[in-house]
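**Student:** Next comes the structure file start-v3.csv, holding CSV, C-alpha atoms.
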chain,number,residue,atom,x,y,z
J,4,MET,CA,73.4,3.7,78.3
J,5,THR,CA,70.1,2.0,78.0
J,6,ASP,CA,69.7,-1.5,79.5
J,7,PHE,CA,67.2,-2.8,77.0
J,8,HIS,CA,67.0,-6.2,78.9
J,9,ARG,CA,65.3,-4.5,81.8
J,10,LEU,CA,62.4,-3.2,79.7
J,11,GLN,CA,59.2,-5.0,80.5
J,12,LEU,CA,56.5,-2.4,79.9
J,13,LEU,CA,55.8,-0.1,76.9
J,14,VAL,CA,53.9,3.1,77.9
J,15,LEU,CA,52.3,4.9,75.0
J,16,ASP,CA,50.7,8.3,74.5
J,17,VAL,CA,48.1,8.2,71.8
J,18,ASP,CA,47.6,11.5,69.9
J,19,GLY,CA,50.8,12.3,67.9
J,20,ILE,CA,52.3,8.9,68.7
J,21,LEU,CA,49.8,6.3,67.7
J,22,THR,CA,47.9,8.8,65.5
J,23,ASP,CA,49.1,11.6,63.3
J,24,GLY,CA,47.8,14.0,66.0
J,25,ARG,CA,44.8,15.2,64.0
J,26,LEU,CA,41.4,14.8,65.5
J,27,TYR,CA,38.4,14.4,63.2
J,28,VAL,CA,35.1,15.5,64.7
J,29,GLY,CA,31.8,14.6,62.9
J,30,ALA,CA,28.7,16.7,62.8
J,31,ASP,CA,27.3,14.5,65.5
J,32,GLY,CA,30.3,15.3,67.7
J,33,GLN,CA,31.8,11.8,67.4
J,34,ASP,CA,35.6,11.6,67.3
J,35,TRP,CA,37.5,9.8,64.6
J,36,LYS,CA,41.1,8.7,64.7
J,37,ALA,CA,43.3,6.8,62.3
J,38,PHE,CA,45.7,4.2,63.6
J,39,SER,CA,48.5,2.4,61.8
J,40,ILE,CA,48.1,-1.3,61.3
J,41,LEU,CA,51.9,-1.5,61.6
J,42,ASP,CA,51.8,-0.1,65.1
J,43,GLY,CA,49.0,-2.6,66.0
J,44,ALA,CA,51.0,-5.5,64.7
J,45,GLY,CA,54.0,-4.3,66.6
J,46,ILE,CA,52.1,-4.1,69.8
J,47,LYS,CA,50.8,-7.6,69.3
J,48,LEU,CA,54.4,-8.7,68.6
J,49,TRP,CA,55.6,-7.0,71.8
J,50,MET,CA,52.9,-8.8,73.8
J,51,GLN,CA,53.7,-12.1,72.1
J,52,ALA,CA,57.2,-11.7,73.5
J,53,GLY,CA,55.7,-11.5,76.9
J,54,PHE,CA,55.8,-7.8,77.7
J,55,GLY,CA,53.1,-5.4,78.8
J,56,VAL,CA,51.5,-2.3,77.2
J,57,ALA,CA,49.9,0.6,78.9
J,58,VAL,CA,48.2,3.5,77.2
J,59,ILE,CA,47.8,6.9,78.8
J,60,SER,CA,46.0,9.6,76.8
J,61,GLY,CA,45.0,13.1,77.7
J,62,HIS,CA,42.1,12.9,75.4
J,63,ALA,CA,39.0,11.0,76.4
J,64,SER,CA,38.1,8.8,73.4
J,65,GLU,CA,35.9,5.8,72.9
J,66,ALA,CA,37.8,5.1,69.7
J,67,VAL,CA,41.0,4.6,71.7
J,68,LYS,CA,39.3,2.3,74.1
J,69,ARG,CA,37.9,0.2,71.2
J,70,ARG,CA,41.2,0.1,69.3
J,71,PHE,CA,43.2,-1.3,72.3
J,72,GLU,CA,40.4,-3.6,73.3
J,73,ARG,CA,40.7,-5.2,69.9
J,74,LEU,CA,44.5,-5.5,70.4
J,75,GLY,CA,44.1,-7.1,73.8
J,76,VAL,CA,45.6,-4.2,75.7
J,77,THR,CA,43.7,-3.8,79.0
J,78,ASP,CA,45.7,-1.1,80.7
J,79,VAL,CA,44.1,1.8,78.9
J,80,HIS,CA,43.6,5.2,80.5
J,81,VAL,CA,41.9,8.1,78.6
J,82,GLY,CA,41.0,11.6,79.6
J,83,VAL,CA,44.0,11.8,81.9
J,84,ALA,CA,45.0,15.4,82.8
J,85,GLU,CA,48.1,14.4,84.9
J,86,LYS,CA,49.8,11.3,83.5
J,87,ARG,CA,52.5,10.6,86.1
J,88,PRO,CA,50.1,9.6,88.9
J,89,VAL,CA,48.5,7.2,86.6
J,90,LEU,CA,51.9,5.8,85.6
J,91,ASP,CA,52.9,5.5,89.2
J,92,GLN,CA,49.7,3.4,89.9
J,93,ILE,CA,50.4,1.2,86.9
J,94,LEU,CA,54.0,0.6,88.1
J,95,ALA,CA,52.9,-0.1,91.7
J,96,LYS,CA,50.2,-2.6,90.5
J,97,ALA,CA,52.7,-4.4,88.3
J,98,GLY,CA,55.6,-4.3,90.8
J,99,LEU,CA,57.8,-2.5,88.3
J,100,SER,CA,60.3,0.4,88.6
J,101,PRO,CA,60.4,3.3,86.1
J,102,ALA,CA,63.7,1.9,84.8
J,103,SER,CA,61.8,-1.1,83.5
J,104,ILE,CA,59.6,0.9,81.1
J,105,ALA,CA,60.0,2.3,77.6
J,106,VAL,CA,57.9,5.4,77.1
J,107,MET,CA,56.7,7.2,73.9
J,108,GLY,CA,55.3,10.6,74.1
J,109,ASP,CA,55.3,13.8,72.0
J,110,ASP,CA,54.2,16.8,74.0
J,111,LEU,CA,55.0,18.6,77.2
J,112,VAL,CA,52.2,16.7,79.1
J,113,ASP,CA,54.2,13.5,78.4
J,114,LEU,CA,57.5,14.7,80.0
J,115,PRO,CA,56.6,13.5,83.5
J,116,LEU,CA,56.4,10.0,82.0
J,117,PHE,CA,60.0,10.2,80.9
J,118,ARG,CA,61.3,10.8,84.4
J,119,GLY,CA,63.3,7.7,85.4
J,120,ALA,CA,62.2,5.7,82.4
J,121,GLY,CA,64.6,3.0,81.1
J,122,PHE,CA,64.1,4.2,77.5
J,123,THR,CA,62.3,7.2,76.1
J,124,ALA,CA,61.3,7.8,72.5
J,125,THR,CA,59.4,10.3,70.4
J,126,VAL,CA,58.5,11.1,66.8
J,127,PRO,CA,59.9,13.8,64.5
J,128,GLY,CA,56.9,16.0,64.9
J,129,ALA,CA,57.1,16.1,68.7
J,130,HIS,CA,57.4,19.3,70.6
J,131,LEU,CA,61.0,20.6,70.6
J,132,GLU,CA,61.4,20.1,74.4
J,133,VAL,CA,60.3,16.4,74.1
J,134,ARG,CA,62.6,15.7,71.2
J,135,ALA,CA,65.5,17.2,73.2
J,136,ARG,CA,64.8,14.9,76.1
J,137,ALA,CA,64.1,11.7,74.3
J,138,GLN,CA,66.8,9.1,73.9
J,139,PHE,CA,65.5,8.1,70.5
J,140,VAL,CA,63.6,9.9,67.7
J,141,THR,CA,61.9,7.7,65.2
J,142,GLU,CA,62.2,8.1,61.5
J,143,ARG,CA,58.5,7.4,61.0
J,144,PRO,CA,56.0,10.1,62.0
J,145,GLY,CA,53.3,9.4,64.6
J,146,GLY,CA,50.4,7.3,63.3
J,147,SER,CA,52.6,5.8,60.6
J,148,GLY,CA,54.5,3.0,62.2
J,149,ALA,CA,56.6,5.0,64.7
J,150,VAL,CA,55.6,2.7,67.6
J,151,ARG,CA,56.4,-0.4,65.5
J,152,GLU,CA,59.9,1.2,64.8
J,153,VAL,CA,60.5,1.5,68.6
J,154,ILE,CA,59.2,-2.0,69.3
J,155,ASP,CA,61.4,-3.6,66.6
J,156,LEU,CA,64.4,-1.7,67.9
J,157,VAL,CA,63.9,-2.8,71.5
J,158,LEU,CA,63.2,-6.4,70.6
J,159,LYS,CA,66.4,-6.4,68.5
J,160,GLU,CA,68.4,-5.0,71.4
J,161,LYS,CA,66.9,-7.6,73.7
J,162,GLY,CA,67.9,-10.3,71.2
J,163,LEU,CA,64.3,-11.5,70.7
J,164,TYR,CA,63.5,-10.1,67.3
J,165,ALA,CA,64.9,-12.8,65.0
J,166,ALA,CA,63.1,-15.6,66.8
J,167,LEU,CA,59.8,-13.7,66.7
J,168,VAL,CA,60.2,-13.2,63.0
J,169,GLN,CA,61.2,-16.8,62.5
J,170,SER,CA,57.9,-17.9,64.2
J,171,TYR,CA,56.1,-16.4,61.2
J,172,LEU,CA,58.2,-18.3,58.7
J,173,ARG,CA,57.2,-21.7,59.9
Before we go any further, please render this structure as structure tokens.

**Tutor:**
Amino acid sequence: MTDFHRLQLLVLDVDGILTDGRLYVGADGQDWKAFSILDGAGIKLWMQAGFGVAVISGHASEAVKRRFERLGVTDVHVGVAEKRPVLDQILAKAGLSPASIAVMGDDLVDLPLFRGAGFTATVPGAHLEVRARAQFVTERPGGSGAVREVIDLVLKEKGLYAALVQSYLR
């Protein structure tokens, strides 16, 4: 059973989770990605509640760096071939255990991030092996508010969601 109250850090893959997994490449070689505003607002809500966010992506992308810079996320790692060593460094730096993280990933390269995590989630279009190992599969697809769905779920389970919503009604 998940202890949502222990969760302090949200660890996110990018392609397939924060995007629909498609990569647009212009004639000049520049990458283009589309991100959901719902996910961005959810990430800001998560940080407003006092929790951290880390992004670990296998694809090296300036667009990803810029997107998260705008959201105020500083723990952004792109072009990562092996994600677990990067996660272990993040945890050591923050003084956290794997049990205190929520992870969202969608492909085999993300499975090492799931090991020991307090909560694991994925999207409907994830690889079959990832869906089988995730504790939660979102209704929304990647790039269309799936991260927000997980954030709202965790904040509700932590008993923080209603107060955060109320802060917008003042």

**Student:** Just to confirm, what's the straight-line distance from atom CA of Val83 of chain J to atom CA of Phe71 of chain J in Å (one decimal)?

**Tutor:**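 A separation of 16.3 Å between them.
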
**Student:** To one decimal place in Å, what is the distance between atom CA of Gly146 of chain J and atom CA of Pro127 of chain J?

**Tutor:**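 Taking atom CA of Gly146 of chain J as the start and atom CA of Pro127 of chain J as the end point, the length is 11.6 Å.
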
**Student:** Which residues come within 10 Å of Arg73 of chain J, counting only C-alpha atoms, excluding same-chain residues fewer than 5 positions away, as a PDB file with C-alpha atoms, in the coordinates of the input?

**Tutor:**
ATOM      1  CA  GLY J  43      49.000  -2.600  66.000  1.00  0.00           C
ATOM      2  CA  VAL J  67      41.000   4.600  71.700  1.00  0.00           C
ATOM      3  CA  LYS J  68      39.300   2.300  74.100  1.00  0.00           C
TER       4      LYS J  68
END

**Student:** So that I can check the surroundings of Gly53 of chain J, please list as a PyMOL selection string every protein, DNA and RNA residue that reaches within 10 Å of it, counting all atoms listed in the file and ignoring chain neighbours fewer than 4 positions away.

**Tutor:** chain J and resi 11-12+47-49

**Student:** Excluding Phe117 of chain J and its own-chain neighbours fewer than 2 positions away, which residues fall within 10 Å of it when counting all atoms listed in the file? Please give them as a list in words.

**Tutor:**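 My reading of the contact set: Val14, Arg87, Pro101, Ala102, Ile104, Ala105, Val106, Met107, Gly108, Asp113, Leu114, Pro115, Gly119, Ala120, Gly121, Phe122, Thr123, Ala124, Val133, Arg136, Ala137 and Gln138 of chain J.
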
**Student:** Record the distance separating atom CA of Ala44 of chain J and atom CA of Ser103 of chain J, expressed in Å with one decimal.

**Tutor:**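 Atom CA of Ser103 of chain J lies 22.1 Å from atom CA of Ala44 of chain J.
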
**Student:** Between J:Gly29, J:Leu90, J:Val17, J:Leu99, single out the one closest to Ser60 of chain J, counting only C-alpha atoms.

**Tutor:** J:Val17

**Student:** Nearest residue to Gly148 of chain J out of J:Phe7, J:Ile40, J:Asp16, J:Ala63, using all atoms listed in the file?

**Tutor:**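 Result for the nearest residue to Gly148 of chain J: J:Ile40.
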
**Student:** What's the 7 Å shell around Ile59 of chain J, counting all atoms listed in the file, without same-chain residues fewer than 4 positions away, as a list of chain:residue names?

**Tutor:**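 After dropping sequence-adjacent residues, the list is J:Leu15, J:Asp16, J:Val79, J:His80, J:Val81, J:Val83, J:Lys86.
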
**Student:** Would you mind putting back N, CA and C atoms on segment 85-115 of chain J, then writing it out as a PDB file, in the coordinates of the input?

**Tutor:**
ATOM      1  N   GLU J  85      46.722  14.559  84.347  1.00  0.00           N
ATOM      2  CA  GLU J  85      48.100  14.400  84.900  1.00  0.00           C
ATOM      3  C   GLU J  85      48.471  12.941  84.735  1.00  0.00           C
ATOM      4  N   LYS J  86      49.420  12.694  83.852  1.00  0.00           N
ATOM      5  CA  LYS J  86      49.800  11.300  83.500  1.00  0.00           C
ATOM      6  C   LYS J  86      50.652  10.604  84.484  1.00  0.00           C
ATOM      7  N   ARG J  87      51.528  11.313  85.174  1.00  0.00           N
ATOM      8  CA  ARG J  87      52.500  10.600  86.100  1.00  0.00           C
ATOM      9  C   ARG J  87      51.812   9.877  87.198  1.00  0.00           C
ATOM     10  N   PRO J  88      50.800  10.432  87.880  1.00  0.00           N
ATOM     11  CA  PRO J  88      50.100   9.600  88.900  1.00  0.00           C
ATOM     12  C   PRO J  88      49.544   8.337  88.397  1.00  0.00           C
ATOM     13  N   VAL J  89      49.008   8.366  87.186  1.00  0.00           N
ATOM     14  CA  VAL J  89      48.500   7.200  86.600  1.00  0.00           C
ATOM     15  C   VAL J  89      49.589   6.156  86.318  1.00  0.00           C
ATOM     16  N   LEU J  90      50.709   6.636  85.786  1.00  0.00           N
ATOM     17  CA  LEU J  90      51.900   5.800  85.600  1.00  0.00           C
ATOM     18  C   LEU J  90      52.344   5.157  86.874  1.00  0.00           C
ATOM     19  N   ASP J  91      52.429   5.965  87.908  1.00  0.00           N
ATOM     20  CA  ASP J  91      52.900   5.500  89.200  1.00  0.00           C
ATOM     21  C   ASP J  91      51.959   4.347  89.726  1.00  0.00           C
ATOM     22  N   GLN J  92      50.662   4.481  89.503  1.00  0.00           N
ATOM     23  CA  GLN J  92      49.700   3.400  89.900  1.00  0.00           C
ATOM     24  C   GLN J  92      49.940   2.156  89.088  1.00  0.00           C
ATOM     25  N   ILE J  93      50.160   2.317  87.802  1.00  0.00           N
ATOM     26  CA  ILE J  93      50.400   1.200  86.900  1.00  0.00           C
ATOM     27  C   ILE J  93      51.677   0.429  87.385  1.00  0.00           C
ATOM     28  N   LEU J  94      52.736   1.189  87.663  1.00  0.00           N
ATOM     29  CA  LEU J  94      54.000   0.600  88.100  1.00  0.00           C
ATOM     30  C   LEU J  94      53.833  -0.140  89.430  1.00  0.00           C
ATOM     31  N   ALA J  95      53.127   0.485  90.358  1.00  0.00           N
ATOM     32  CA  ALA J  95      52.900  -0.100  91.700  1.00  0.00           C
ATOM     33  C   ALA J  95      52.125  -1.436  91.534  1.00  0.00           C
ATOM     34  N   LYS J  96      51.083  -1.407  90.739  1.00  0.00           N
ATOM     35  CA  LYS J  96      50.200  -2.600  90.500  1.00  0.00           C
ATOM     36  C   LYS J  96      51.046  -3.736  89.901  1.00  0.00           C
ATOM     37  N   ALA J  97      51.938  -3.386  88.960  1.00  0.00           N
ATOM     38  CA  ALA J  97      52.700  -4.400  88.300  1.00  0.00           C
ATOM     39  C   ALA J  97      54.017  -4.766  89.008  1.00  0.00           C
ATOM     40  N   GLY J  98      54.355  -4.017  90.047  1.00  0.00           N
ATOM     41  CA  GLY J  98      55.600  -4.300  90.800  1.00  0.00           C
ATOM     42  C   GLY J  98      56.831  -3.921  89.977  1.00  0.00           C
ATOM     43  N   LEU J  99      56.721  -2.874  89.150  1.00  0.00           N
ATOM     44  CA  LEU J  99      57.800  -2.500  88.300  1.00  0.00           C
ATOM     45  C   LEU J  99      58.400  -1.124  88.724  1.00  0.00           C
ATOM     46  N   SER J 100      59.640  -0.889  88.352  1.00  0.00           N
ATOM     47  CA  SER J 100      60.300   0.400  88.600  1.00  0.00           C
ATOM     48  C   SER J 100      60.234   1.195  87.271  1.00  0.00           C
ATOM     49  N   PRO J 101      60.372   2.522  87.334  1.00  0.00           N
ATOM     50  CA  PRO J 101      60.400   3.300  86.100  1.00  0.00           C
ATOM     51  C   PRO J 101      61.533   2.842  85.143  1.00  0.00           C
ATOM     52  N   ALA J 102      62.629   2.327  85.683  1.00  0.00           N
ATOM     53  CA  ALA J 102      63.700   1.900  84.800  1.00  0.00           C
ATOM     54  C   ALA J 102      63.363   0.696  83.958  1.00  0.00           C
ATOM     55  N   SER J 103      62.245   0.050  84.242  1.00  0.00           N
ATOM     56  CA  SER J 103      61.800  -1.100  83.500  1.00  0.00           C
ATOM     57  C   SER J 103      60.812  -0.783  82.381  1.00  0.00           C
ATOM     58  N   ILE J 104      60.622   0.528  82.126  1.00  0.00           N
ATOM     59  CA  ILE J 104      59.600   0.900  81.100  1.00  0.00           C
ATOM     60  C   ILE J 104      60.282   1.649  79.946  1.00  0.00           C
ATOM     61  N   ALA J 105      59.663   1.474  78.792  1.00  0.00           N
ATOM     62  CA  ALA J 105      60.000   2.300  77.600  1.00  0.00           C
ATOM     63  C   ALA J 105      58.739   3.175  77.417  1.00  0.00           C
ATOM     64  N   VAL J 106      58.979   4.459  77.183  1.00  0.00           N
ATOM     65  CA  VAL J 106      57.900   5.400  77.100  1.00  0.00           C
ATOM     66  C   VAL J 106      57.983   6.139  75.717  1.00  0.00           C
ATOM     67  N   MET J 107      56.826   6.325  75.084  1.00  0.00           N
ATOM     68  CA  MET J 107      56.700   7.200  73.900  1.00  0.00           C
ATOM     69  C   MET J 107      55.707   8.253  74.129  1.00  0.00           C
ATOM     70  N   GLY J 108      56.155   9.496  73.977  1.00  0.00           N
ATOM     71  CA  GLY J 108      55.300  10.600  74.100  1.00  0.00           C
ATOM     72  C   GLY J 108      55.769  11.742  73.191  1.00  0.00           C
ATOM     73  N   ASP J 109      54.907  12.735  72.949  1.00  0.00           N
ATOM     74  CA  ASP J 109      55.300  13.800  72.000  1.00  0.00           C
ATOM     75  C   ASP J 109      55.045  15.198  72.423  1.00  0.00           C
ATOM     76  N   ASP J 110      54.437  15.401  73.593  1.00  0.00           N
ATOM     77  CA  ASP J 110      54.200  16.800  74.000  1.00  0.00           C
ATOM     78  C   ASP J 110      54.541  16.975  75.460  1.00  0.00           C
ATOM     79  N   LEU J 111      54.488  18.215  75.898  1.00  0.00           N
ATOM     80  CA  LEU J 111      55.000  18.600  77.200  1.00  0.00           C
ATOM     81  C   LEU J 111      54.267  17.756  78.333  1.00  0.00           C
ATOM     82  N   VAL J 112      52.985  17.465  78.160  1.00  0.00           N
ATOM     83  CA  VAL J 112      52.200  16.700  79.100  1.00  0.00           C
ATOM     84  C   VAL J 112      52.827  15.282  79.334  1.00  0.00           C
ATOM     85  N   ASP J 113      53.616  14.820  78.364  1.00  0.00           N
ATOM     86  CA  ASP J 113      54.200  13.500  78.400  1.00  0.00           C
ATOM     87  C   ASP J 113      55.577  13.480  79.151  1.00  0.00           C
ATOM     88  N   LEU J 114      56.172  14.638  79.345  1.00  0.00           N
ATOM     89  CA  LEU J 114      57.500  14.700  80.000  1.00  0.00           C
ATOM     90  C   LEU J 114      57.572  14.047  81.346  1.00  0.00           C
ATOM     91  N   PRO J 115      56.560  14.187  82.204  1.00  0.00           N
ATOM     92  CA  PRO J 115      56.600  13.500  83.500  1.00  0.00           C
ATOM     93  C   PRO J 115      56.765  11.971  83.358  1.00  0.00           C
TER      94      PRO J 115
END
